[in-house]
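K.L.:
One structure follows; several queries about it will come next.
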Amino acid sequence: MALTRIAPPAKRDEGQWAFDEARTPLNGNEQMKQDADGLSVRHRIETIYAREGFASIPGDDLRGRMRWWGLYTQRKPGIDGGKTATLEPEELEDEYFMLRVRVDGGALDLTQLRTVAQISTEFGRDTADITDRQNIQLHWVRVEDVPEIWRRLEGVGLSTQEACGDVPRVILGSPVAGIAADEIIDGTPAVHAIAERYIGDPEFSNLPRKFKTAISGSPHQDVAHEINDVAFIGVVHPELGAGFDLWVGGALSTNPMLGKRLGTFVSLERIPEVWAGVAGIFRDYGYRRLRTRARLKFLMADWGPELFREVLETEYLGYALPDGPEPPPPPTGRRDHVGVHPQNDGRFYVGTAPTVGRVSGTLLARVADLAEAAGSDRVRLTTEQKIVVLDVAAEKVDDLVEALEDEGLFVRSASTFRRGTIACTGIEFCKLAIVETKARAARIIGELEDRLPTFDQPIRINVNGCPNSCARIQTADIGLKGVLAGDEEGYQVHLGGGLGLTSGLGHSLRGLRVPSSELPDYIERVVTHYDEQREEGELFAQ
Ligand code: SF4
């Protein structure tokens, strides 16, 4: 029996499957996904491409379906940002791949960490970046090595499945889930349940575009939930106890929008089915005509949270969710997990700040050794591109901190700029980039540490290599978006964004393009001006 749809179709044909049983593809990308499911490329990688090499991979798999297994071709070295928009994809790309390892909940045990580290040194020229979605990205990967990499990852319970592509991406989780002394509720069982039930499920392997999930039961709301397609945030219901508040439809890039609360209370046990309902709405009602309108935020903008909730409950769940309270705003202050903090069991977690997430396989192996020497068996990655070592006994803390700092992984002595700066991949490896990001951000951090050694207010500086906002330009105190400034690389500036207590998308300073050579001077002026003008208790970032 056909389902009765209670939501009307969009005003023009947006390619919504709910109103077209034939699922007519309206663009090349939709055609590619209809021709063969993205997940199907794995068999061809294992049986053909890994044996016959890069040249044997046809374009639809190379630039399309390989993303479903976490593989992107990387940018050929030496091509400047001015050519990004003018060259054909095959002229921009190298014969090597970026490989994204999904780390759901940011949680790794030491065996997993060592496995990733070993793969990096053996197959990825010792590269490794911690991303602001708790993944680890390796570079310089050859297709010939991919089956062996998968064998090793899957042998320790890791995967690259659906790390990229029009699918449910990595599930963000609080880096201190289950151990934080002030936790409202531990969302880890829901992270695991969604990953086990739905990642790799063909029901969700052809979504209109990417679908991002965040779950945190921390009062600090430490997963940037406002900018995820679906998010569950810890809250206490006066009658039902601890559970989650549901947010839907957040995303950045062009047309950034913050997620909307549906006003429902979701118990821990119900999260997976509610998640599947929201993902199902996106699959069936999401706009597929234009890639630029294919994120869930556009459907939410047209429907609003009331209709979204009605469709979720009526068509997908078959029951009404209870109304729920709004979570209180997170406590003020830093939310980056850096430093030494008490756990709920008397031990401590130790958060360290690798510079803009850039590490290496060698360094990750060293972190594993140091964690083990401190009696720990697990680490977590954060959405601020940081690493947290869990379960450290009090008497081991100082030795661990000293050893991490010797490796350049600052804990107690991390400056506010090192803690608060993140950067996307940029022109070093990304085909869409216009400017360099990681190395420049590292230089800016060093300059600011020298120039403003006493400035200690929390501050967020997010450096992006193009307008795509992988490093969340609109949610930073100082967001930098790569552009060309004459012949020089430069950055368009976006000021005053924030999440948590100060949720907002900030303001772009239109027309202002700061050449890269002037960036340290510019940021120093902004920070100094703020410091001189700020009132008692006023914070740059929350
Ligand atoms: Fe690449 Fe642009 Fe994303 Fe940076 S923001 S990783 S340059 S697509």
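The chains in the structure tokens are called A, B, ... from first to last as shown; in each chain the residues are counted from 1, and the ligands are counted from 1 in the order shown.
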Taking only C-alpha atoms and all ligand atoms into account, list the residues no farther than 7 Å from ligand 1, as a tab-separated table (two decimals) with C-alpha atoms, in the first residue's frame.
P.N.:
chain	number	residue	atom	x	y	z
A	424	CYS	CA	41.26	22.72	6.66
A	425	THR	CA	43.43	20.72	4.24
A	426	GLY	CA	44.02	23.61	1.83
A	427	ILE	CA	46.08	23.79	-1.34
A	430	CYS	CA	42.75	19.70	-1.85
A	431	LYS	CA	41.64	20.11	-5.47
A	432	LEU	CA	39.12	22.82	-4.57
A	433	ALA	CA	41.56	24.99	-2.62
A	434	ILE	CA	42.58	28.50	-3.59
A	464	ASN	CA	39.71	27.75	5.19
A	465	GLY	CA	41.28	27.27	1.79
A	466	CYS	CA	38.13	28.13	-0.21
A	467	PRO	CA	34.47	29.12	0.39
A	468	ASN	CA	33.43	25.54	1.24
A	469	SER	CA	33.94	26.10	4.96
A	470	CYS	CA	35.30	22.67	5.92
A	471	ALA	CA	36.92	24.46	8.88
K.L.:
Within 12 Å of Ala242 of chain A, counting only C-alpha atoms, which residues show up once you throw out same-chain ones fewer than 5 positions away? Write them as a PyMOL selection string, please.
P.N.:
chain A and resi 183-187+217-219+233-237+265-269+324-325+327
K.L.:
To test your reading of the structure, identify every residue in segment 139-319 of chain A that backbone DSSP assigns to alpha helix (DSSP H), and report it as a PyMOL selection string.
P.N.:
chain A and resi 146-155+188-198+271-285+296-311
K.L.:
What are the DSSP strand (DSSP E) residues of segment 79-325 of chain A, as a PDB file with C-alpha atoms, in the first residue's frame?
P.N.:
ATOM      1  CA  GLU A  93      44.507  15.706  -9.672  1.00  0.00           C
ATOM      2  CA  ASP A  94      47.415  13.489  -8.799  1.00  0.00           C
ATOM      3  CA  GLU A  95      47.618   9.719  -9.069  1.00  0.00           C
ATOM      4  CA  TYR A  96      47.531   9.524  -5.278  1.00  0.00           C
ATOM      5  CA  PHE A  97      44.578   9.574  -2.921  1.00  0.00           C
ATOM      6  CA  MET A  98      43.554  11.183   0.310  1.00  0.00           C
ATOM      7  CA  LEU A  99      42.142   8.408   2.492  1.00  0.00           C
ATOM      8  CA  ARG A 100      39.715   9.342   5.256  1.00  0.00           C
ATOM      9  CA  VAL A 101      39.429   6.918   8.163  1.00  0.00           C
ATOM     10  CA  ALA A 107      37.115   7.023  19.930  1.00  0.00           C
ATOM     11  CA  LEU A 108      40.251   4.941  19.327  1.00  0.00           C
ATOM     12  CA  ASP A 109      41.882   2.297  21.446  1.00  0.00           C
ATOM     13  CA  ALA A 128      48.156  12.256   9.105  1.00  0.00           C
ATOM     14  CA  ASP A 129      45.695  15.042   9.838  1.00  0.00           C
ATOM     15  CA  ILE A 130      43.091  15.039  12.592  1.00  0.00           C
ATOM     16  CA  ILE A 136      42.023  10.923  10.482  1.00  0.00           C
ATOM     17  CA  GLN A 137      43.075  11.708   6.922  1.00  0.00           C
ATOM     18  CA  LEU A 138      46.114  10.178   5.262  1.00  0.00           C
ATOM     19  CA  HIS A 139      47.664  11.327   2.001  1.00  0.00           C
ATOM     20  CA  TRP A 140      49.829   9.923  -0.788  1.00  0.00           C
ATOM     21  CA  VAL A 141      47.885   6.643  -0.803  1.00  0.00           C
ATOM     22  CA  PRO A 168      25.801   9.335   6.516  1.00  0.00           C
ATOM     23  CA  ARG A 169      29.284  10.555   7.388  1.00  0.00           C
ATOM     24  CA  VAL A 170      31.223   9.910  10.594  1.00  0.00           C
ATOM     25  CA  ILE A 171      29.095  10.278  13.728  1.00  0.00           C
ATOM     26  CA  LEU A 172      30.466  12.962  16.014  1.00  0.00           C
ATOM     27  CA  GLY A 173      30.497  12.173  19.712  1.00  0.00           C
ATOM     28  CA  PHE A 211      24.427  13.781   6.006  1.00  0.00           C
ATOM     29  CA  LYS A 212      26.213  14.776   9.200  1.00  0.00           C
ATOM     30  CA  THR A 213      25.385  13.494  12.677  1.00  0.00           C
ATOM     31  CA  ALA A 214      26.431  14.682  16.147  1.00  0.00           C
ATOM     32  CA  ILE A 215      25.610  13.199  19.564  1.00  0.00           C
ATOM     33  CA  SER A 216      26.748  14.652  22.868  1.00  0.00           C
ATOM     34  CA  VAL A 230      20.914  15.872  12.732  1.00  0.00           C
ATOM     35  CA  ALA A 231      22.081  16.255  16.324  1.00  0.00           C
ATOM     36  CA  PHE A 232      21.126  14.878  19.726  1.00  0.00           C
ATOM     37  CA  ILE A 233      22.134  17.012  22.726  1.00  0.00           C
ATOM     38  CA  GLY A 234      21.920  15.940  26.351  1.00  0.00           C
ATOM     39  CA  VAL A 235      19.065  17.326  28.412  1.00  0.00           C
ATOM     40  CA  VAL A 236      17.154  16.385  31.565  1.00  0.00           C
ATOM     41  CA  HIS A 237      13.389  15.978  31.156  1.00  0.00           C
ATOM     42  CA  GLY A 241      14.979  11.876  33.202  1.00  0.00           C
ATOM     43  CA  ALA A 242      18.146  12.257  31.130  1.00  0.00           C
ATOM     44  CA  GLY A 243      17.879  11.990  27.351  1.00  0.00           C
ATOM     45  CA  PHE A 244      18.391  14.095  24.262  1.00  0.00           C
ATOM     46  CA  ASP A 245      17.082  17.187  22.496  1.00  0.00           C
ATOM     47  CA  LEU A 246      16.731  16.784  18.711  1.00  0.00           C
ATOM     48  CA  TRP A 247      18.161  19.331  16.260  1.00  0.00           C
ATOM     49  CA  VAL A 248      17.787  19.102  12.477  1.00  0.00           C
ATOM     50  CA  LYS A 260      16.442  23.885  14.322  1.00  0.00           C
ATOM     51  CA  ARG A 261      15.120  22.289  17.507  1.00  0.00           C
ATOM     52  CA  LEU A 262      12.104  20.098  16.865  1.00  0.00           C
ATOM     53  CA  GLY A 263      11.082  20.477  20.519  1.00  0.00           C
ATOM     54  CA  THR A 264      11.090  16.724  21.121  1.00  0.00           C
ATOM     55  CA  PHE A 265      12.658  14.583  23.814  1.00  0.00           C
ATOM     56  CA  VAL A 266      14.458  11.461  22.552  1.00  0.00           C
TER      57      VAL A 266
END
K.L.:
Give the answer as one residue: which of A:Arg114, A:His220, A:Pro175, A:Ala190 has the shortest atom-to-atom distance to Pro329 of chain A, using only C-alpha atoms?
P.N.:
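Ranking A:Arg114, A:His220, A:Pro175, A:Ala190 by distance to Pro329 of chain A, first place goes to A:His220.
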K.L.:
Separation of atom CA of Val392 of chain A and atom CA of Ser376 of chain A, in Å?
P.N.:
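So the two atoms, atom CA of Val392 of chain A and atom CA of Ser376 of chain A, lie 5.9 Å apart.
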K.L.:
Rounded to one decimal, what separation in Å do you get between atom CA of Thr454 of chain A and atom CA of Arg418 of chain A?
P.N.:
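Between atom CA of Thr454 of chain A and atom CA of Arg418 of chain A the gap is 13.6 Å.
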K.L.:
Just want the 12 Å neighbourhood of segment 481-489 of chain A, counted on only C-alpha atoms, with same-chain residues fewer than 3 positions away dropped. Output as a PyMOL selection string.
P.N.:
chain A and resi 80-85+253-254+423-427+432-438+440-441+461-474+476+478+492-495+508-519
K.L.:
Using only C-alpha atoms, which residues sit within 7 Å of Asp60 of chain A once same-chain residues fewer than 4 positions away are excluded, as a list in words?
P.N.:
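Skipping anything fewer than 4 positions along the chain leaves Met32, Gly64 and Arg65 of chain A.
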K.L.:
Could you list, as a ChimeraX atom specification, every residue within 12 Å of Ser40 of chain A, counting only C-alpha atoms and ignoring same-chain residues fewer than 6 positions away?
P.N.:
/A:32-34,46-47,61,64-69,161-162,200-202,205-206
K.L.:
By how many Å are atom CA of Pro520 of chain A and atom CA of Arg451 of chain A apart?
P.N.:
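Calculated distance between atom CA of Pro520 of chain A and atom CA of Arg451 of chain A is 9.3 Å.
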K.L.:
Using only C-alpha atoms, which of the listed residues (A:Val411, A:Val167, A:Leu299, A:Ile48) sits closest to Tyr287 of chain A?
P.N.:
A:Leu299
K.L.:
Would you mind listing what lies within 12 Å of Ala368 of chain A as a PDB file with N, CA and C atoms, in the first residue's frame, with only C-alpha atoms counted and same-chain residues fewer than 5 positions away left out?
P.N.:
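The resulting file, around.pdb, is reproduced below:
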ATOM      1  N   LEU A 108      39.271   5.915  19.806  1.00  0.00           N
ATOM      2  CA  LEU A 108      40.251   4.941  19.327  1.00  0.00           C
ATOM      3  C   LEU A 108      40.906   4.262  20.512  1.00  0.00           C
ATOM      4  N   ASP A 109      41.012   2.921  20.452  1.00  0.00           N
ATOM      5  CA  ASP A 109      41.882   2.297  21.446  1.00  0.00           C
ATOM      6  C   ASP A 109      43.320   2.310  20.891  1.00  0.00           C
ATOM      7  N   LEU A 110      44.264   1.910  21.710  1.00  0.00           N
ATOM      8  CA  LEU A 110      45.662   2.071  21.289  1.00  0.00           C
ATOM      9  C   LEU A 110      46.031   1.134  20.145  1.00  0.00           C
ATOM     10  N   THR A 111      45.393  -0.020  20.067  1.00  0.00           N
ATOM     11  CA  THR A 111      45.642  -0.909  18.931  1.00  0.00           C
ATOM     12  C   THR A 111      45.193  -0.229  17.631  1.00  0.00           C
ATOM     13  N   GLN A 112      44.038   0.403  17.679  1.00  0.00           N
ATOM     14  CA  GLN A 112      43.549   1.116  16.495  1.00  0.00           C
ATOM     15  C   GLN A 112      44.462   2.291  16.150  1.00  0.00           C
ATOM     16  N   LEU A 113      44.867   3.043  17.165  1.00  0.00           N
ATOM     17  CA  LEU A 113      45.740   4.198  16.916  1.00  0.00           C
ATOM     18  C   LEU A 113      47.053   3.745  16.290  1.00  0.00           C
ATOM     19  N   ARG A 114      47.613   2.675  16.797  1.00  0.00           N
ATOM     20  CA  ARG A 114      48.887   2.176  16.252  1.00  0.00           C
ATOM     21  C   ARG A 114      48.696   1.656  14.824  1.00  0.00           C
ATOM     22  N   THR A 115      47.538   1.064  14.560  1.00  0.00           N
ATOM     23  CA  THR A 115      47.288   0.564  13.207  1.00  0.00           C
ATOM     24  C   THR A 115      47.244   1.723  12.210  1.00  0.00           C
ATOM     25  N   VAL A 116      46.528   2.782  12.556  1.00  0.00           N
ATOM     26  CA  VAL A 116      46.475   3.950  11.670  1.00  0.00           C
ATOM     27  C   VAL A 116      47.883   4.535  11.499  1.00  0.00           C
ATOM     28  N   ALA A 117      48.625   4.616  12.611  1.00  0.00           N
ATOM     29  CA  ALA A 117      49.979   5.173  12.549  1.00  0.00           C
ATOM     30  C   ALA A 117      50.856   4.346  11.615  1.00  0.00           C
ATOM     31  N   GLN A 118      50.752   3.043  11.722  1.00  0.00           N
ATOM     32  CA  GLN A 118      51.567   2.156  10.881  1.00  0.00           C
ATOM     33  C   GLN A 118      51.193   2.296   9.406  1.00  0.00           C
ATOM     34  N   GLY A 361      52.193   9.774  11.184  1.00  0.00           N
ATOM     35  CA  GLY A 361      52.093   8.418  11.703  1.00  0.00           C
ATOM     36  C   GLY A 361      53.065   8.195  12.835  1.00  0.00           C
ATOM     37  N   THR A 362      54.265   8.724  12.670  1.00  0.00           N
ATOM     38  CA  THR A 362      55.285   8.564  13.709  1.00  0.00           C
ATOM     39  C   THR A 362      54.823   9.174  15.029  1.00  0.00           C
ATOM     40  N   LEU A 363      54.232  10.363  14.928  1.00  0.00           N
ATOM     41  CA  LEU A 363      53.782  11.035  16.154  1.00  0.00           C
ATOM     42  C   LEU A 363      52.594  10.299  16.786  1.00  0.00           C
ATOM     43  N   ALA A 373      52.300   4.030  28.495  1.00  0.00           N
ATOM     44  CA  ALA A 373      53.184   4.188  29.658  1.00  0.00           C
ATOM     45  C   ALA A 373      52.456   4.861  30.818  1.00  0.00           C
ATOM     46  N   ALA A 374      51.425   5.655  30.485  1.00  0.00           N
ATOM     47  CA  ALA A 374      50.659   6.329  31.541  1.00  0.00           C
ATOM     48  C   ALA A 374      49.497   5.470  32.025  1.00  0.00           C
ATOM     49  N   GLY A 375      49.422   4.240  31.544  1.00  0.00           N
ATOM     50  CA  GLY A 375      48.381   3.326  32.021  1.00  0.00           C
ATOM     51  C   GLY A 375      47.070   3.425  31.269  1.00  0.00           C
ATOM     52  N   SER A 376      47.050   4.183  30.159  1.00  0.00           N
ATOM     53  CA  SER A 376      45.812   4.358  29.395  1.00  0.00           C
ATOM     54  C   SER A 376      45.758   3.366  28.244  1.00  0.00           C
ATOM     55  N   ASP A 377      44.538   3.039  27.804  1.00  0.00           N
ATOM     56  CA  ASP A 377      44.404   2.191  26.621  1.00  0.00           C
ATOM     57  C   ASP A 377      43.561   2.852  25.547  1.00  0.00           C
ATOM     58  N   ARG A 378      43.305   4.165  25.693  1.00  0.00           N
ATOM     59  CA  ARG A 378      42.421   4.763  24.689  1.00  0.00           C
ATOM     60  C   ARG A 378      42.609   6.274  24.599  1.00  0.00           C
ATOM     61  N   VAL A 379      42.322   6.794  23.402  1.00  0.00           N
ATOM     62  CA  VAL A 379      42.360   8.239  23.172  1.00  0.00           C
ATOM     63  C   VAL A 379      41.060   8.637  22.484  1.00  0.00           C
ATOM     64  N   ARG A 380      40.815   9.920  22.460  1.00  0.00           N
ATOM     65  CA  ARG A 380      39.679  10.448  21.687  1.00  0.00           C
ATOM     66  C   ARG A 380      40.177  11.623  20.845  1.00  0.00           C
ATOM     67  N   ILE A 387      43.728  15.918  20.486  1.00  0.00           N
ATOM     68  CA  ILE A 387      43.787  14.526  20.953  1.00  0.00           C
ATOM     69  C   ILE A 387      43.668  14.523  22.474  1.00  0.00           C
ATOM     70  N   VAL A 388      42.845  13.611  22.988  1.00  0.00           N
ATOM     71  CA  VAL A 388      42.669  13.493  24.440  1.00  0.00           C
ATOM     72  C   VAL A 388      43.055  12.076  24.850  1.00  0.00           C
ATOM     73  N   VAL A 389      43.948  11.967  25.842  1.00  0.00           N
ATOM     74  CA  VAL A 389      44.315  10.665  26.409  1.00  0.00           C
ATOM     75  C   VAL A 389      43.454  10.451  27.647  1.00  0.00           C
ATOM     76  N   LEU A 390      42.735   9.312  27.683  1.00  0.00           N
ATOM     77  CA  LEU A 390      41.813   9.043  28.796  1.00  0.00           C
ATOM     78  C   LEU A 390      42.452   8.163  29.866  1.00  0.00           C
ATOM     79  N   LEU A 400      53.232  12.199  31.882  1.00  0.00           N
ATOM     80  CA  LEU A 400      52.601  12.188  30.558  1.00  0.00           C
ATOM     81  C   LEU A 400      52.598  13.587  29.940  1.00  0.00           C
ATOM     82  N   ALA A 403      56.069  14.483  28.735  1.00  0.00           N
ATOM     83  CA  ALA A 403      56.471  13.731  27.544  1.00  0.00           C
ATOM     84  C   ALA A 403      55.719  14.219  26.306  1.00  0.00           C
ATOM     85  N   LEU A 404      54.430  14.513  26.450  1.00  0.00           N
ATOM     86  CA  LEU A 404      53.671  15.035  25.302  1.00  0.00           C
ATOM     87  C   LEU A 404      54.233  16.385  24.874  1.00  0.00           C
TER      88      LEU A 404
END
K.L.:
Pick the closest to Asp20 of chain A from A:Arg334, A:His225, A:Arg288, A:Arg102: which is it, counting only C-alpha atoms?
P.N.:
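Counting only C-alpha atoms, the residue closest to Asp20 of chain A is A:Arg288.
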K.L.:
Given only C-alpha atoms as the basis, pick out the residue of A:Tyr491, A:Phe455, A:Phe429, A:Trp150 nearest to Ile79 of chain A.
P.N.:
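Looking at the shortest contact to Ile79 of chain A, the residue is A:Phe429.
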